[in-house]
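The structure file work-v2.cif is reproduced below (mmCIF, C-alpha atoms, pLDDT in the B column; chains and numbers go by the auth columns).
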data_start
#
loop_
_atom_site.group_PDB
_atom_site.id
_atom_site.type_symbol
_atom_site.label_atom_id
_atom_site.label_comp_id
_atom_site.label_asym_id
_atom_site.label_seq_id
_atom_site.Cartn_x
_atom_site.Cartn_y
_atom_site.Cartn_z
_atom_site.B_iso_or_equiv
_atom_site.auth_seq_id
_atom_site.auth_asym_id
ATOM 1 C CA MET A 1 -126.246 -20.719 -9.022 50.00 723 A
ATOM 2 C CA SER A 2 -126.546 -23.053 -6.038 60.00 724 A
ATOM 3 C CA ASN A 3 -125.311 -26.643 -6.024 62.00 725 A
ATOM 4 C CA ALA A 4 -128.937 -27.793 -6.052 61.00 726 A
ATOM 5 C CA SER A 5 -129.645 -25.658 -9.135 62.00 727 A
ATOM 6 C CA CYS A 6 -126.525 -27.006 -10.880 72.00 728 A
ATOM 7 C CA THR A 7 -127.635 -30.556 -10.055 77.00 729 A
ATOM 8 C CA THR A 8 -131.109 -29.825 -11.400 82.00 730 A
ATOM 9 C CA LEU A 9 -129.614 -28.444 -14.610 90.00 731 A
ATOM 10 C CA TRP A 10 -127.455 -31.560 -15.059 93.00 732 A
ATOM 11 C CA VAL A 11 -130.349 -33.933 -14.310 92.00 733 A
ATOM 12 C CA GLY A 12 -132.376 -32.117 -16.972 93.00 734 A
ATOM 13 C CA LEU A 13 -129.559 -32.486 -19.525 96.00 735 A
ATOM 14 C CA ARG A 14 -128.162 -35.958 -18.810 96.00 736 A
ATOM 15 C CA THR A 15 -128.607 -38.651 -21.442 96.00 737 A
ATOM 16 C CA PRO A 16 -128.922 -42.429 -20.941 95.00 738 A
ATOM 17 C CA GLN A 17 -125.574 -43.010 -22.692 95.00 739 A
ATOM 18 C CA PRO A 18 -122.361 -41.032 -22.279 95.00 740 A
ATOM 19 C CA PRO A 19 -121.241 -39.013 -25.297 96.00 741 A
ATOM 20 C CA ASP A 20 -119.036 -40.613 -27.896 94.00 742 A
ATOM 21 C CA LEU A 21 -115.368 -39.638 -27.951 95.00 743 A
ATOM 22 C CA ARG A 22 -115.869 -38.330 -31.491 94.00 744 A
ATOM 23 C CA GLN A 23 -118.667 -36.508 -33.298 92.00 745 A
ATOM 24 C CA GLU A 24 -120.873 -39.578 -33.395 91.00 746 A
ATOM 25 C CA SER A 25 -124.474 -38.955 -32.405 91.00 747 A
ATOM 26 C CA ARG A 26 -126.191 -41.234 -29.945 93.00 748 A
ATOM 27 C CA PRO A 27 -129.789 -42.035 -29.059 94.00 749 A
ATOM 28 C CA GLY A 28 -131.456 -40.024 -26.330 95.00 750 A
ATOM 29 C CA THR A 29 -130.014 -36.608 -27.135 97.00 751 A
ATOM 30 C CA MET A 30 -132.187 -33.515 -27.325 97.00 752 A
ATOM 31 C CA SER A 31 -132.596 -31.217 -30.273 98.00 753 A
ATOM 32 C CA ALA A 32 -130.629 -27.976 -30.137 98.00 754 A
ATOM 33 C CA ALA A 33 -133.888 -26.106 -29.468 98.00 755 A
ATOM 34 C CA GLU A 34 -134.688 -28.397 -26.514 98.00 756 A
ATOM 35 C CA VAL A 35 -131.190 -27.921 -25.070 98.00 757 A
ATOM 36 C CA ARG A 36 -131.478 -24.149 -25.407 97.00 758 A
ATOM 37 C CA ALA A 37 -134.877 -24.131 -23.695 96.00 759 A
ATOM 38 C CA ARG A 38 -133.686 -26.308 -20.792 95.00 760 A
ATOM 39 C CA VAL A 39 -130.555 -24.262 -20.210 96.00 761 A
ATOM 40 C CA GLU A 40 -132.427 -20.947 -20.383 93.00 762 A
ATOM 41 C CA ALA A 41 -135.077 -22.225 -17.962 93.00 763 A
ATOM 42 C CA ALA A 42 -132.467 -23.462 -15.474 91.00 764 A
ATOM 43 C CA MET A 43 -130.082 -20.491 -15.505 89.00 765 A
ATOM 44 C CA PRO A 44 -130.742 -17.899 -12.791 78.00 766 A
ATOM 45 C CA ALA A 45 -131.909 -14.463 -13.852 77.00 767 A
ATOM 46 C CA GLY A 46 -128.699 -12.880 -12.530 80.00 768 A
ATOM 47 C CA ALA A 47 -126.369 -15.071 -14.588 86.00 769 A
ATOM 48 C CA SER A 48 -124.104 -13.146 -16.914 90.00 770 A
ATOM 49 C CA ALA A 49 -124.413 -13.425 -20.677 93.00 771 A
ATOM 50 C CA ALA A 50 -120.910 -14.963 -20.711 94.00 772 A
ATOM 51 C CA ALA A 51 -121.893 -17.688 -18.234 93.00 773 A
ATOM 52 C CA ARG A 52 -125.052 -18.436 -20.230 95.00 774 A
ATOM 53 C CA GLU A 53 -123.120 -18.744 -23.503 96.00 775 A
ATOM 54 C CA ARG A 54 -120.536 -21.101 -22.023 97.00 776 A
ATOM 55 C CA VAL A 55 -123.156 -23.316 -20.362 97.00 777 A
ATOM 56 C CA MET A 56 -125.115 -23.325 -23.606 98.00 778 A
ATOM 57 C CA ALA A 57 -122.057 -24.285 -25.681 98.00 779 A
ATOM 58 C CA ALA A 58 -121.079 -27.116 -23.305 98.00 780 A
ATOM 59 C CA SER A 59 -124.676 -28.365 -23.170 98.00 781 A
ATOM 60 C CA LEU A 60 -125.057 -28.306 -26.946 98.00 782 A
ATOM 61 C CA LEU A 61 -121.795 -30.202 -27.336 98.00 783 A
ATOM 62 C CA TYR A 62 -122.893 -32.763 -24.732 98.00 784 A
ATOM 63 C CA HIS A 63 -125.989 -33.350 -26.894 98.00 785 A
ATOM 64 C CA ASP A 64 -123.831 -33.786 -30.020 98.00 786 A
ATOM 65 C CA HIS A 65 -124.573 -30.398 -31.607 98.00 787 A
ATOM 66 C CA HIS A 66 -120.920 -29.824 -32.478 97.00 788 A
ATOM 67 C CA ASN A 67 -121.322 -27.023 -35.012 97.00 789 A
ATOM 68 C CA ALA A 68 -123.699 -25.030 -32.812 98.00 790 A
ATOM 69 C CA ALA A 69 -121.320 -25.378 -29.853 98.00 791 A
ATOM 70 C CA HIS A 70 -118.337 -24.377 -31.972 98.00 792 A
ATOM 71 C CA ASP A 71 -120.174 -21.327 -33.291 98.00 793 A
ATOM 72 C CA LEU A 72 -120.687 -20.123 -29.714 97.00 794 A
ATOM 73 C CA VAL A 73 -117.076 -20.607 -28.544 97.00 795 A
ATOM 74 C CA GLN A 74 -115.273 -19.695 -31.752 96.00 796 A
ATOM 75 C CA ASP A 75 -114.211 -16.248 -30.536 95.00 797 A
ATOM 76 C CA MET A 76 -113.955 -16.935 -26.797 96.00 798 A
ATOM 77 C CA THR A 77 -110.430 -16.586 -25.443 94.00 799 A
ATOM 78 C CA ASP A 78 -111.042 -16.680 -21.673 96.00 800 A
ATOM 79 C CA PRO A 79 -110.181 -19.913 -19.771 97.00 801 A
ATOM 80 C CA ASP A 80 -113.771 -21.209 -19.637 97.00 802 A
ATOM 81 C CA GLY A 81 -114.487 -20.529 -23.305 97.00 803 A
ATOM 82 C CA SER A 82 -111.114 -21.973 -24.300 98.00 804 A
ATOM 83 C CA LEU A 83 -111.860 -25.132 -22.323 98.00 805 A
ATOM 84 C CA VAL A 84 -115.207 -25.674 -24.055 98.00 806 A
ATOM 85 C CA HIS A 85 -113.473 -24.931 -27.368 98.00 807 A
ATOM 86 C CA ALA A 86 -110.886 -27.625 -26.550 98.00 808 A
ATOM 87 C CA LEU A 87 -113.653 -30.157 -25.935 98.00 809 A
ATOM 88 C CA VAL A 88 -115.232 -29.333 -29.290 98.00 810 A
ATOM 89 C CA HIS A 89 -111.967 -30.013 -31.090 98.00 811 A
ATOM 90 C CA ARG A 90 -111.150 -33.133 -29.073 98.00 812 A
ATOM 91 C CA ARG A 91 -114.435 -34.655 -30.200 97.00 813 A
ATOM 92 C CA GLU A 92 -114.042 -33.608 -33.874 96.00 814 A
ATOM 93 C CA PRO A 93 -111.348 -35.193 -33.636 96.00 815 A
ATOM 94 C CA ASP A 94 -108.830 -32.419 -34.239 97.00 816 A
ATOM 95 C CA TYR A 95 -106.329 -33.324 -31.530 98.00 817 A
ATOM 96 C CA TRP A 96 -103.712 -30.703 -32.388 98.00 818 A
ATOM 97 C CA ASN A 97 -106.319 -27.951 -32.147 98.00 819 A
ATOM 98 C CA ALA A 98 -107.726 -29.423 -28.923 98.00 820 A
ATOM 99 C CA ASN A 99 -104.269 -29.246 -27.337 98.00 821 A
ATOM 100 C CA TYR A 100 -103.913 -25.637 -28.505 98.00 822 A
ATOM 101 C CA TRP A 101 -107.173 -24.664 -26.756 98.00 823 A
ATOM 102 C CA TYR A 102 -106.279 -26.609 -23.615 98.00 824 A
ATOM 103 C CA ARG A 103 -103.064 -24.570 -23.439 97.00 825 A
ATOM 104 C CA GLN A 104 -105.164 -21.394 -23.786 97.00 826 A
ATOM 105 C CA ALA A 105 -107.404 -22.547 -20.921 97.00 827 A
ATOM 106 C CA GLY A 106 -104.391 -22.852 -18.620 97.00 828 A
ATOM 107 C CA ASP A 107 -104.560 -24.510 -15.221 96.00 829 A
ATOM 108 C CA HIS A 108 -108.342 -24.780 -15.021 97.00 830 A
ATOM 109 C CA GLU A 109 -110.039 -25.826 -11.787 97.00 831 A
ATOM 110 C CA LEU A 110 -111.945 -28.495 -13.729 97.00 832 A
ATOM 111 C CA TYR A 111 -108.777 -30.606 -13.898 97.00 833 A
ATOM 112 C CA ARG A 112 -108.612 -30.975 -10.105 97.00 834 A
ATOM 113 C CA LEU A 113 -112.326 -31.765 -9.866 96.00 835 A
ATOM 114 C CA LEU A 114 -112.008 -34.336 -12.616 96.00 836 A
ATOM 115 C CA ALA A 115 -108.974 -35.946 -10.939 96.00 837 A
ATOM 116 C CA ALA A 116 -111.024 -36.315 -7.744 96.00 838 A
ATOM 117 C CA ARG A 117 -113.913 -37.857 -9.697 96.00 839 A
ATOM 118 C CA LEU A 118 -111.505 -40.174 -11.497 95.00 840 A
ATOM 119 C CA ALA A 119 -110.313 -41.459 -8.121 92.00 841 A
ATOM 120 C CA THR A 120 -113.857 -42.705 -7.409 95.00 842 A
ATOM 121 C CA MET A 121 -114.326 -44.427 -10.785 93.00 843 A
ATOM 122 C CA ARG A 122 -112.027 -47.428 -10.126 86.00 844 A
ATOM 123 C CA PRO A 123 -111.331 -48.541 -13.701 90.00 845 A
ATOM 124 C CA GLU A 124 -109.786 -51.983 -14.148 88.00 846 A
ATOM 125 C CA GLY A 125 -107.192 -53.557 -16.436 90.00 847 A
ATOM 126 C CA SER A 126 -105.979 -51.468 -19.338 91.00 848 A
ATOM 127 C CA ALA A 127 -108.407 -48.679 -18.398 94.00 849 A
ATOM 128 C CA ALA A 128 -106.731 -48.411 -14.964 95.00 850 A
ATOM 129 C CA SER A 129 -103.383 -47.947 -16.669 95.00 851 A
ATOM 130 C CA VAL A 130 -104.814 -45.144 -18.817 95.00 852 A
ATOM 131 C CA ALA A 131 -106.444 -43.550 -15.758 96.00 853 A
ATOM 132 C CA ASN A 132 -103.105 -43.555 -13.909 94.00 854 A
ATOM 133 C CA ARG A 133 -101.378 -41.813 -16.832 95.00 855 A
ATOM 134 C CA LEU A 134 -104.057 -39.103 -16.836 97.00 856 A
ATOM 135 C CA VAL A 135 -103.227 -38.023 -13.279 96.00 857 A
ATOM 136 C CA LEU A 136 -99.457 -38.537 -13.018 93.00 858 A
ATOM 137 C CA SER A 137 -99.039 -34.880 -12.037 89.00 859 A
ATOM 138 C CA GLY A 138 -101.650 -35.134 -9.268 90.00 860 A
ATOM 139 C CA THR A 139 -104.308 -33.381 -11.313 95.00 861 A
ATOM 140 C CA LEU A 140 -105.872 -34.399 -14.601 97.00 862 A
ATOM 141 C CA ASP A 141 -103.548 -33.684 -17.525 97.00 863 A
ATOM 142 C CA PRO A 142 -105.767 -32.534 -20.426 98.00 864 A
ATOM 143 C CA MET A 143 -103.045 -33.274 -22.996 97.00 865 A
ATOM 144 C CA ALA A 144 -102.820 -36.857 -21.695 97.00 866 A
ATOM 145 C CA LEU A 145 -106.608 -37.080 -22.033 98.00 867 A
ATOM 146 C CA VAL A 146 -106.372 -35.921 -25.643 98.00 868 A
ATOM 147 C CA ALA A 147 -103.709 -38.579 -26.304 97.00 869 A
ATOM 148 C CA ALA A 148 -105.829 -41.244 -24.609 97.00 870 A
ATOM 149 C CA CYS A 149 -108.874 -40.303 -26.715 97.00 871 A
ATOM 150 C CA GLU A 150 -106.757 -40.411 -29.860 96.00 872 A
ATOM 151 C CA GLY A 151 -105.432 -43.851 -28.913 95.00 873 A
ATOM 152 C CA ALA A 152 -108.921 -45.107 -28.057 95.00 874 A
ATOM 153 C CA GLY A 153 -110.023 -44.342 -31.616 89.00 875 A
ATOM 154 C CA LYS A 154 -107.714 -47.121 -32.798 90.00 876 A
ATOM 155 C CA MET A 155 -109.025 -49.716 -30.322 91.00 877 A
ATOM 156 C CA PRO A 156 -111.733 -52.305 -30.915 86.00 878 A
ATOM 157 C CA ALA A 157 -115.169 -51.431 -29.564 75.00 879 A
ATOM 158 C CA THR A 158 -114.878 -54.258 -27.035 84.00 880 A
ATOM 159 C CA ASP A 159 -111.795 -52.747 -25.372 89.00 881 A
ATOM 160 C CA PRO A 160 -112.604 -51.312 -21.909 93.00 882 A
ATOM 161 C CA VAL A 161 -110.574 -48.119 -22.493 96.00 883 A
ATOM 162 C CA PRO A 162 -113.027 -46.328 -24.842 95.00 884 A
ATOM 163 C CA ALA A 163 -115.948 -47.128 -22.517 94.00 885 A
ATOM 164 C CA PHE A 164 -113.987 -45.813 -19.532 96.00 886 A
ATOM 165 C CA LEU A 165 -113.034 -42.630 -21.425 97.00 887 A
ATOM 166 C CA ARG A 166 -116.669 -42.061 -22.403 95.00 888 A
ATOM 167 C CA ARG A 167 -117.703 -42.288 -18.730 96.00 889 A
ATOM 168 C CA LEU A 168 -114.877 -39.934 -17.771 97.00 890 A
ATOM 169 C CA GLN A 169 -115.936 -37.516 -20.515 97.00 891 A
ATOM 170 C CA GLU A 170 -119.500 -37.571 -19.195 97.00 892 A
ATOM 171 C CA SER A 171 -118.148 -36.640 -15.747 97.00 893 A
ATOM 172 C CA GLU A 172 -116.139 -33.902 -17.435 97.00 894 A
ATOM 173 C CA PHE A 173 -119.315 -32.448 -18.938 97.00 895 A
ATOM 174 C CA GLU A 174 -121.223 -32.729 -15.654 96.00 896 A
ATOM 175 C CA LEU A 175 -118.506 -30.971 -13.661 96.00 897 A
ATOM 176 C CA LEU A 176 -117.862 -28.355 -16.337 96.00 898 A
ATOM 177 C CA ILE A 177 -121.513 -27.446 -16.773 96.00 899 A
ATOM 178 C CA GLY A 178 -121.838 -27.170 -12.991 93.00 900 A
ATOM 179 C CA LEU A 179 -118.790 -24.902 -12.777 93.00 901 A
ATOM 180 C CA LEU A 180 -119.930 -22.703 -15.641 94.00 902 A
ATOM 181 C CA ALA A 181 -123.490 -22.453 -14.337 91.00 903 A
ATOM 182 C CA ALA A 182 -122.173 -21.245 -10.981 89.00 904 A
ATOM 183 C CA ARG A 183 -120.313 -18.324 -12.578 84.00 905 A
ATOM 184 C CA ARG A 184 -121.813 -14.840 -12.332 77.00 906 A
#
Can the structure in the file be given as structure tokens, please?
Amino acid sequence: MSNASCTTLWVGLRTPQPPDLRQESRPGTMSAAEVRARVEAAMPAGASAAARERVMAASLLYHDHHNAAHDLVQDMTDPDGSLVHALVHRREPDYWNANYWYRQAGDHELYRLLAARLATMRPEGSAASVANRLVLSGTLDPMALVAACEGAGKMPATDPVPAFLRRLQESEFELLIGLLAARR
């Protein structure tokens, strides 16, 4: 799938608000049937069944269809499927299980892309401190992201950290869906 096609797919999926760090639903999401139709319409005819399933699972999760996404990735053990599975559990929140699936995903290219995106976000105050901890190794540390999401769940809604993490998570979905859609 070309970059333009990946961008078109993301534009067709993006919601006005970033997803919550947990299983909370938000306004502006599509029904599971709408997500499925958009993804199927945007995926190229030559895309593998595996690529389609992973894009579908990530897209369903982005639109807060946690159970449907989990059903798709439940038995996937490859790095891409494991990464989507980790996201499902991070948002449950089942942090131990999320870390398990991040370990199964290994050194995924998404982490480098997300670190580069993070560098353009310029968070301030306490969010900047969190952002720095996420990339201490030079690439995004998914276990540090899990810990940050867990910590954000204990913060007041007015704290800038949860809002920053939600924006980062939206970037994570955008980059991941683009990567997965480009797979053959």
Nearest to Ala763 in chain A by atom-to-atom distance, counting all atoms listed in the file, from A:Arg736, A:Ala780, A:Thr730, A:Ser851: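 So, comparing all the options, the nearest one is A:Thr730.
If you apply the PyMOL selection byres ((chain A and resi 792-799) around 10) to this structure, you end up with Ala772, Glu775, Arg776, Met778, Ala779, Ala780, Leu782, Leu783, His787, His788, Asn789, Ala790, Ala791, Asp800, Pro801, Asp802, Gly803, Ser804, Leu805, Val806, His807, Ala808, Leu809, Val810, His811, Trp823, Gln826 and Ala827 of chain A.
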(message) Suppose a student applies the PyMOL selection byres ((chain A and resi 739-753) around 12) to this structure; what residues should they get, written as an NGL selection string?
(response) :A and (734-738 or 754-761 or 781-791 or 809-817 or 867-876 or 879 or 883-896)
**Prompt:** the PyMOL selection byres ((chain A and resi 767-771) around 9) on the file shown: which residues, as number ranges by chain?
**Reply:** A: 723, 765-766, 772-776, 903-906
Can you tell me which residues surround range 840-844 of chain A at a distance of at most 12 Å, considering only C-alpha atoms, apart from same-chain residues fewer than 2 positions away, and format the answer as a ChimeraX atom specification?
/A:832-838,846-857,860-863,886-887,889-894,897
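Picture a line from CA of Leu902 in chain A to CA of Arg825 in chain A; it runs 18.7 Å.
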- Query: Hey, can you check how far CA of Val777 in chain A sits from CA of Ala764 in chain A?
  - Reply: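 A separation of 10.5 Å between them.
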